[in-house]
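Here's the structure we're looking at; comments come further down.
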Amino acid sequence: MQTDHERGAAPAPPPRGRRGRRTVLVASALVVVTAVAVVGALGLGGGGAEDGSSAPPRSGSTVPVTRSTLTERTTVDGQLGYGTEIPLPVKSTGTVTWLPVEGRTVERGGTLLRVDDRPVVLLYGTLPMYRDLGLTAGAGQGTRQDAGNEGAAQGDAQGTGDQGAPEDTSKAPAPSGSPTPPGGAGTGATGSTLRGMDVLQFESNLASLGYTGFTVDEEFTDATARAVKRWQKSLGLPQTGTVGVGDVVYSAGKVRIGHAGVRLGSAVTEEVLTYTGTSRKVVVNASAAEDSWAVRGAAVTIGLPDGKSVKGEVASVGKKATAPEEGGGEGGSGAATVPVTITIKDQKAVGRLESAPVTVEYVGRERADVLTVPVAALVALAEGGHGLETADGRFVAVKTGLFADGRVEVSGSAVREGMKVRIPE
């Protein structure tokens with residue numbers, strides 16, 4: 001009788017226990033290899049960094065460590081406009097008979113409004129109009145102001161004191177800025193001479209408007225009065241040669257009309273009309289706790305709604321912090337703010353925009369001549385902190401500094417300029 005072997009039958013399969021052990025061994029090997037790769041990625045390679053051993057290279061691009069300057073930039077919200085509206089210091093009394101439209105620009109010699117159908121004219125200067133200007137002593141007496149113009153009142157009052165007698169014309173002229181007493185030096189038969197810095201300021205404006213024929217100085221003379229009469233004629237006013245305290249308003253330059261505080265037919269009030277400058281600017285309500293960037297003269301970049309940007313400069317910083325409204329603002333941070341005004345030198349770059357929300361970017365911290373890498377190159381180490389993976393798979397610990405523009409400052413004994421590091425995929 002033939003056995004199975006003799007009949008050519010296939011040999012019996014090996015016991016199931018042996019195949020099971022082989023499968024377990026292969027699976028264990030895969031686990032070990034995977035564990036080594038994970039340990040290397042986490043920086044748990046023991047002394048691998050020191051003895052030169054390295055894990056197998058992994059996929060990902062490499063970049064060099066570079067030396068550069070990092071600049072931290074911060075963006076805040078702002079509002080483009082013409083700045084805060086200020087009441088015009090109109091000293092006329094009477095009924096408002098004409099008002100300009102809001103947004104109108106008024107230059108030197110232009111009419112701001114009309115009171116009792118008389119124009120109130122804009123002139124340039126820093127000294128407010130505080131008295132009438134004319135040839136006779138009465139021009140000064142009729143304009144005494146309250147405590148706010150104490151100096152002018154004292155000058156007028158001197159006319160009834162010990163200087164009431166005619167002054168010797170051989171004496172030196174009155175000090176600059178001081179009105180001549182009513183009995184002061186005369187200019188001939190026409191009466192006494194009014195002196196002061198306000199006279200100089202007015203005469204400078206009169207000459208700039210083309211009314212000349214007099215010497216621009218601190219004395220209001222017959223020649224000044226004749227020029228004033230020609231100016232009054234052009235305005236349709238009685239040619240008196242005297243300028244009333246309410247006839248003129250001074251400003252540092254041309255103005256842009258704001259809103260009117262009264263209606264036609266109403267009496268003149270302190271809020272009769274507001275104005276701003278004619279240059280567009282940006283106001284930022286900066287956090288009072290984080291306004292160290294807001295220093296007068298600091299350069300900033302203004303982002304416009306159309307995506308363009310223009311250069312700006314911090315012109316002023318408010319000294320009074322404003323508390324937030326209760327319950328206002330998203331997140332309820334409730335941070336007090338201070339107003340920061342930013343001027344724009346290139347007004348044409350703003351285009352036709354008169355009012356719009358904008359962004360303001362300013363430079364915060366800056367680190368010069370430091371080693372940097374892209375932020376994406378940083379890896380978290382298992383033992384804590386951050387590290388970099390070199391091109392050959394080693395991991396080196398680094399200390400991070402300033403983060404800016406997608407890069408980070410790094411330092412450490414194993415980091416050097418030009419070293420290639422990997423950006424993990």
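Each chain in the structure tokens gets a letter, A, B and so on, in the order shown; residues start at 1 in every chain, and ligands are counted from 1 in the order they appear.
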
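Residues in contact with Pro128 of chain A at 10 Å, where only C-alpha atoms are counted and same-chain residues fewer than 6 positions away are skipped, are listed as Pro89, Asn149, Asp198, Gln201, Val245, Val248, Val249, Tyr250 and Ser251 of chain A.
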
I want to know what sits within 10 Å of segment 337-351 of chain A, based on only C-alpha atoms, with residues of the same chain fewer than 5 positions away left out; could you give that as a PyMOL selection string?
chain A and resi 78-80+82-84+279-291+294-302+304+306+308-324+360

Looking at A:Lys254, A:Leu402, A:Phe395, A:Ala377, which one is nearest to Ser61 of chain A, with distances taken over only C-alpha atoms?
A:Ala377

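Residues in contact with Leu209 of chain A at 12 Å, where only C-alpha atoms are counted and same-chain residues fewer than 2 positions away are skipped, are listed as A:Glu107, A:Arg108, A:Gly109, A:Gly110, A:Val121, A:Leu122, A:Leu123, A:Tyr124, A:Phe202, A:Glu203, A:Ser204, A:Asn205, A:Leu206, A:Ala207, A:Tyr211, A:Thr212, A:Ala227, A:Val228, A:Arg230, A:Trp231, A:Ser234.
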
According to DSSP computed on the backbone, where in segment 170-359 of chain A is there strand (DSSP E or B)? Give the residues as a PyMOL selection string.
chain A and resi 186+192+194-195+219-220+243+248-251+255-260+267+273-276+281-287+299-303+309-317+322+337-343+356-359

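Atom CA of Lys91 of chain A is found 20.7 Å from atom CA of Thr105 of chain A.
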
Which of these, A:Gly418, A:Val199, A:Val408, A:Leu99, has the shortest distance to Met129 of chain A once you count only C-alpha atoms?
A:Val199

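Residues lying within 10 Å of Arg226 of chain A, counting only C-alpha atoms and ignoring same-chain neighbours fewer than 6 positions away, are Tyr211, Thr212, Gly213, Phe214, Gln232, Gln239, Thr240, Gly241 and Thr242 of chain A.
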
Output N, CA, C and O atoms for every residue in the selection just made, as a compact mmCIF listing (two decimals), in the first residue's frame.
# COMPACT_ATOMS: atom_id res chain seq x y z
N TYR A 211 -4.45 146.17 -0.76
CA TYR A 211 -4.73 147.56 -0.35
C TYR A 211 -3.48 148.11 0.33
O TYR A 211 -3.19 147.81 1.49
N THR A 212 -2.72 148.89 -0.42
CA THR A 212 -1.43 149.37 0.05
C THR A 212 -1.43 150.90 0.15
O THR A 212 -2.48 151.52 0.23
N GLY A 213 -0.22 151.46 0.16
CA GLY A 213 -0.10 152.91 0.29
C GLY A 213 0.22 153.34 1.70
O GLY A 213 0.16 154.52 2.04
N PHE A 214 0.58 152.41 2.56
CA PHE A 214 0.93 152.71 3.95
C PHE A 214 2.10 151.82 4.34
O PHE A 214 2.43 150.85 3.66
N GLN A 232 -13.29 148.80 2.58
CA GLN A 232 -14.69 148.83 2.97
C GLN A 232 -15.59 149.07 1.77
O GLN A 232 -16.68 148.49 1.67
N GLN A 239 -17.76 153.76 4.33
CA GLN A 239 -16.31 154.01 4.31
C GLN A 239 -15.92 154.89 5.49
O GLN A 239 -15.69 156.09 5.36
N THR A 240 -15.81 154.25 6.64
CA THR A 240 -15.49 154.98 7.87
C THR A 240 -13.99 155.03 8.16
O THR A 240 -13.54 155.89 8.91
N GLY A 241 -13.22 154.10 7.64
CA GLY A 241 -11.80 154.03 7.94
C GLY A 241 -11.51 153.35 9.26
O GLY A 241 -10.35 153.23 9.68
N THR A 242 -12.54 152.89 9.95
CA THR A 242 -12.39 152.20 11.23
C THR A 242 -12.89 150.77 11.10
O THR A 242 -13.96 150.53 10.52

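If you look at atom CA of Pro64 of chain A and atom CA of Ala368 of chain A, they are 18.0 Å away from each other.
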
What lies within 10 Å of Gly134 of chain A using only C-alpha atoms, ignoring chain neighbours under 5 positions off, as a PyMOL selection string?
chain A and resi 139-140+191-195+199+219-222+224-225+228+240-244

If you keep all heavy atoms, can you produce a file of those selected residues as a compact mmCIF listing (two decimals), in the first residue's frame?
# COMPACT_ATOMS: atom_id res chain seq x y z
N ALA A 139 -11.64 154.67 19.03
CA ALA A 139 -11.62 153.36 18.38
C ALA A 139 -11.23 152.29 19.38
O ALA A 139 -11.67 151.15 19.29
CB ALA A 139 -10.65 153.36 17.21
N GLY A 140 -10.38 152.65 20.33
CA GLY A 140 -9.98 151.67 21.31
C GLY A 140 -10.95 151.57 22.47
O GLY A 140 -11.17 150.52 23.03
N GLY A 191 -5.84 163.20 14.55
CA GLY A 191 -6.06 162.57 15.84
C GLY A 191 -4.86 161.77 16.29
O GLY A 191 -3.77 161.86 15.73
N SER A 192 -5.07 160.95 17.36
CA SER A 192 -3.98 160.20 17.95
C SER A 192 -3.72 158.92 17.18
O SER A 192 -4.54 158.47 16.38
CB SER A 192 -4.31 159.87 19.42
OG SER A 192 -5.49 159.10 19.47
N THR A 193 -2.58 158.31 17.45
CA THR A 193 -2.17 157.09 16.75
C THR A 193 -2.40 155.87 17.63
O THR A 193 -2.01 155.86 18.79
CB THR A 193 -0.68 157.17 16.38
OG1 THR A 193 -0.48 158.28 15.53
CG2 THR A 193 -0.24 155.89 15.67
N LEU A 194 -3.02 154.86 17.04
CA LEU A 194 -3.22 153.59 17.73
C LEU A 194 -2.06 152.68 17.39
O LEU A 194 -1.68 152.54 16.22
CB LEU A 194 -4.54 152.96 17.27
CG LEU A 194 -5.12 151.86 18.15
CD1 LEU A 194 -5.57 152.44 19.49
CD2 LEU A 194 -6.30 151.21 17.44
N ARG A 195 -1.46 152.08 18.40
CA ARG A 195 -0.31 151.20 18.19
C ARG A 195 -0.58 149.83 18.79
O ARG A 195 -1.36 149.69 19.72
CB ARG A 195 0.95 151.78 18.83
CG ARG A 195 1.47 153.07 18.23
CD ARG A 195 2.81 153.42 18.86
NE ARG A 195 3.40 154.60 18.27
CZ ARG A 195 3.21 155.85 18.73
NH1 ARG A 195 2.43 156.03 19.79
NH2 ARG A 195 3.78 156.87 18.15
N VAL A 199 -2.44 145.89 15.31
CA VAL A 199 -2.39 146.79 14.15
C VAL A 199 -1.46 146.21 13.09
O VAL A 199 -1.81 146.18 11.90
CB VAL A 199 -1.91 148.20 14.57
CG1 VAL A 199 -1.75 149.10 13.33
CG2 VAL A 199 -2.88 148.82 15.56
N GLU A 219 1.64 150.99 13.77
CA GLU A 219 0.91 152.24 13.90
C GLU A 219 -0.22 152.33 12.88
O GLU A 219 0.00 152.08 11.69
CB GLU A 219 1.86 153.44 13.71
CG GLU A 219 2.92 153.55 14.79
CD GLU A 219 3.75 154.81 14.63
OE1 GLU A 219 3.45 155.61 13.71
OE2 GLU A 219 4.68 155.01 15.42
N PHE A 220 -1.40 152.68 13.36
CA PHE A 220 -2.55 152.89 12.49
C PHE A 220 -2.56 154.38 12.14
O PHE A 220 -2.89 155.23 12.96
CB PHE A 220 -3.84 152.50 13.21
CG PHE A 220 -5.02 152.33 12.30
CD1 PHE A 220 -5.49 151.06 11.99
CD2 PHE A 220 -5.68 153.44 11.77
CE1 PHE A 220 -6.59 150.90 11.15
CE2 PHE A 220 -6.77 153.28 10.94
CZ PHE A 220 -7.23 152.00 10.62
N THR A 221 -2.19 154.71 10.90
CA THR A 221 -2.03 156.10 10.48
C THR A 221 -3.12 156.52 9.50
O THR A 221 -4.00 155.73 9.15
CB THR A 221 -0.66 156.27 9.82
OG1 THR A 221 -0.62 155.45 8.62
CG2 THR A 221 0.47 155.83 10.76
N ASP A 222 -3.02 157.77 9.04
CA ASP A 222 -3.96 158.28 8.03
C ASP A 222 -3.91 157.41 6.78
O ASP A 222 -4.95 157.13 6.17
CB ASP A 222 -3.59 159.72 7.65
CG ASP A 222 -3.93 160.70 8.76
OD1 ASP A 222 -4.91 160.45 9.48
OD2 ASP A 222 -3.21 161.71 8.90
N THR A 224 -3.16 154.27 6.62
CA THR A 224 -3.87 153.02 6.91
C THR A 224 -5.37 153.22 6.77
O THR A 224 -6.07 152.39 6.18
CB THR A 224 -3.54 152.53 8.33
OG1 THR A 224 -2.13 152.47 8.52
CG2 THR A 224 -4.14 151.16 8.58
N ALA A 225 -5.88 154.33 7.30
CA ALA A 225 -7.32 154.60 7.26
C ALA A 225 -7.79 154.72 5.81
O ALA A 225 -8.89 154.26 5.47
CB ALA A 225 -7.63 155.87 8.04
N VAL A 228 -8.13 151.33 4.42
CA VAL A 228 -9.29 150.67 5.01
C VAL A 228 -10.57 151.12 4.30
O VAL A 228 -11.46 150.30 4.01
CB VAL A 228 -9.39 150.96 6.52
CG1 VAL A 228 -10.74 150.52 7.08
CG2 VAL A 228 -8.27 150.26 7.27
N THR A 240 -15.81 154.25 6.64
CA THR A 240 -15.49 154.98 7.87
C THR A 240 -13.99 155.03 8.16
O THR A 240 -13.54 155.89 8.91
CB THR A 240 -16.18 154.31 9.06
OG1 THR A 240 -15.68 152.98 9.21
CG2 THR A 240 -17.69 154.25 8.85
N GLY A 241 -13.22 154.10 7.64
CA GLY A 241 -11.80 154.03 7.94
C GLY A 241 -11.51 153.35 9.26
O GLY A 241 -10.35 153.23 9.68
N THR A 242 -12.54 152.89 9.95
CA THR A 242 -12.39 152.20 11.23
C THR A 242 -12.89 150.77 11.10
O THR A 242 -13.96 150.53 10.52
CB THR A 242 -13.19 152.91 12.34
OG1 THR A 242 -12.66 154.23 12.52
CG2 THR A 242 -13.09 152.15 13.66
N VAL A 243 -12.13 149.81 11.65
CA VAL A 243 -12.49 148.40 11.60
C VAL A 243 -13.08 148.01 12.94
O VAL A 243 -12.41 148.10 13.98
CB VAL A 243 -11.26 147.52 11.29
CG1 VAL A 243 -11.68 146.06 11.12
CG2 VAL A 243 -10.54 148.01 10.04
N GLY A 244 -14.34 147.57 12.94
CA GLY A 244 -14.99 147.17 14.18
C GLY A 244 -14.52 145.82 14.67
O GLY A 244 -14.06 144.97 13.90

For segment 421-423 of chain A: contacts at 9 Å, only C-alpha atoms, fewer than 5 positions along chain excluded, given as a VMD selection string:
chain A and resid 58 to 65 373 to 374 376 to 379 388 to 393

Which polymer residues have any atom within 10 Å of an atom of Arg263 of chain A, counting only C-alpha atoms, with same-chain residues fewer than 5 positions away left out, as number ranges by chain?
A: 95-99, 268, 272

Those same residues - all heavy atoms - I'd like them written as a PDB file, in the first residue's frame.
ATOM      1  N   THR A  95     -28.371 140.050  14.153  1.00  0.00           N
ATOM      2  CA  THR A  95     -29.129 138.961  13.556  1.00  0.00           C
ATOM      3  C   THR A  95     -28.354 138.342  12.405  1.00  0.00           C
ATOM      4  O   THR A  95     -27.787 139.055  11.569  1.00  0.00           O
ATOM      5  CB  THR A  95     -30.481 139.477  13.047  1.00  0.00           C
ATOM      6  OG1 THR A  95     -31.208 140.044  14.145  1.00  0.00           O
ATOM      7  CG2 THR A  95     -31.303 138.358  12.421  1.00  0.00           C
ATOM      8  N   VAL A  96     -28.315 137.016  12.362  1.00  0.00           N
ATOM      9  CA  VAL A  96     -27.639 136.311  11.273  1.00  0.00           C
ATOM     10  C   VAL A  96     -28.501 136.418  10.017  1.00  0.00           C
ATOM     11  O   VAL A  96     -29.649 135.963  10.001  1.00  0.00           O
ATOM     12  CB  VAL A  96     -27.418 134.829  11.640  1.00  0.00           C
ATOM     13  CG1 VAL A  96     -26.768 134.084  10.481  1.00  0.00           C
ATOM     14  CG2 VAL A  96     -26.567 134.710  12.900  1.00  0.00           C
ATOM     15  N   THR A  97     -27.945 137.015   8.965  1.00  0.00           N
ATOM     16  CA  THR A  97     -28.704 137.214   7.721  1.00  0.00           C
ATOM     17  C   THR A  97     -28.179 136.384   6.551  1.00  0.00           C
ATOM     18  O   THR A  97     -28.813 136.336   5.505  1.00  0.00           O
ATOM     19  CB  THR A  97     -28.678 138.704   7.325  1.00  0.00           C
ATOM     20  OG1 THR A  97     -27.314 139.164   7.284  1.00  0.00           O
ATOM     21  CG2 THR A  97     -29.462 139.538   8.346  1.00  0.00           C
ATOM     22  N   TRP A  98     -27.023 135.731   6.719  1.00  0.00           N
ATOM     23  CA  TRP A  98     -26.508 134.844   5.665  1.00  0.00           C
ATOM     24  C   TRP A  98     -25.504 133.881   6.273  1.00  0.00           C
ATOM     25  O   TRP A  98     -24.706 134.260   7.137  1.00  0.00           O
ATOM     26  CB  TRP A  98     -25.829 135.641   4.542  1.00  0.00           C
ATOM     27  CG  TRP A  98     -25.260 134.769   3.460  1.00  0.00           C
ATOM     28  CD1 TRP A  98     -25.922 134.222   2.406  1.00  0.00           C
ATOM     29  CD2 TRP A  98     -23.891 134.336   3.338  1.00  0.00           C
ATOM     30  NE1 TRP A  98     -25.065 133.476   1.628  1.00  0.00           N
ATOM     31  CE2 TRP A  98     -23.811 133.530   2.176  1.00  0.00           C
ATOM     32  CE3 TRP A  98     -22.738 134.543   4.099  1.00  0.00           C
ATOM     33  CZ2 TRP A  98     -22.631 132.932   1.762  1.00  0.00           C
ATOM     34  CZ3 TRP A  98     -21.546 133.957   3.686  1.00  0.00           C
ATOM     35  CH2 TRP A  98     -21.502 133.158   2.525  1.00  0.00           C
ATOM     36  N   LEU A  99     -25.582 132.604   5.829  1.00  0.00           N
ATOM     37  CA  LEU A  99     -24.644 131.570   6.283  1.00  0.00           C
ATOM     38  C   LEU A  99     -24.104 130.815   5.077  1.00  0.00           C
ATOM     39  O   LEU A  99     -24.838 130.560   4.117  1.00  0.00           O
ATOM     40  CB  LEU A  99     -25.345 130.579   7.228  1.00  0.00           C
ATOM     41  CG  LEU A  99     -25.697 131.082   8.623  1.00  0.00           C
ATOM     42  CD1 LEU A  99     -26.646 130.110   9.312  1.00  0.00           C
ATOM     43  CD2 LEU A  99     -24.421 131.277   9.455  1.00  0.00           C
ATOM     44  N   VAL A 268     -26.841 136.097  16.923  1.00  0.00           N
ATOM     45  CA  VAL A 268     -25.499 135.506  16.947  1.00  0.00           C
ATOM     46  C   VAL A 268     -25.217 134.922  18.325  1.00  0.00           C
ATOM     47  O   VAL A 268     -25.487 135.561  19.341  1.00  0.00           O
ATOM     48  CB  VAL A 268     -24.439 136.569  16.596  1.00  0.00           C
ATOM     49  CG1 VAL A 268     -23.041 135.980  16.719  1.00  0.00           C
ATOM     50  CG2 VAL A 268     -24.661 137.110  15.201  1.00  0.00           C
ATOM     51  N   VAL A 272     -22.411 129.989  16.653  1.00  0.00           N
ATOM     52  CA  VAL A 272     -23.060 130.352  15.403  1.00  0.00           C
ATOM     53  C   VAL A 272     -22.538 129.552  14.218  1.00  0.00           C
ATOM     54  O   VAL A 272     -23.306 129.155  13.336  1.00  0.00           O
ATOM     55  CB  VAL A 272     -22.913 131.876  15.137  1.00  0.00           C
ATOM     56  CG1 VAL A 272     -21.449 132.270  15.009  1.00  0.00           C
ATOM     57  CG2 VAL A 272     -23.681 132.287  13.884  1.00  0.00           C
TER      58      VAL A 272
END
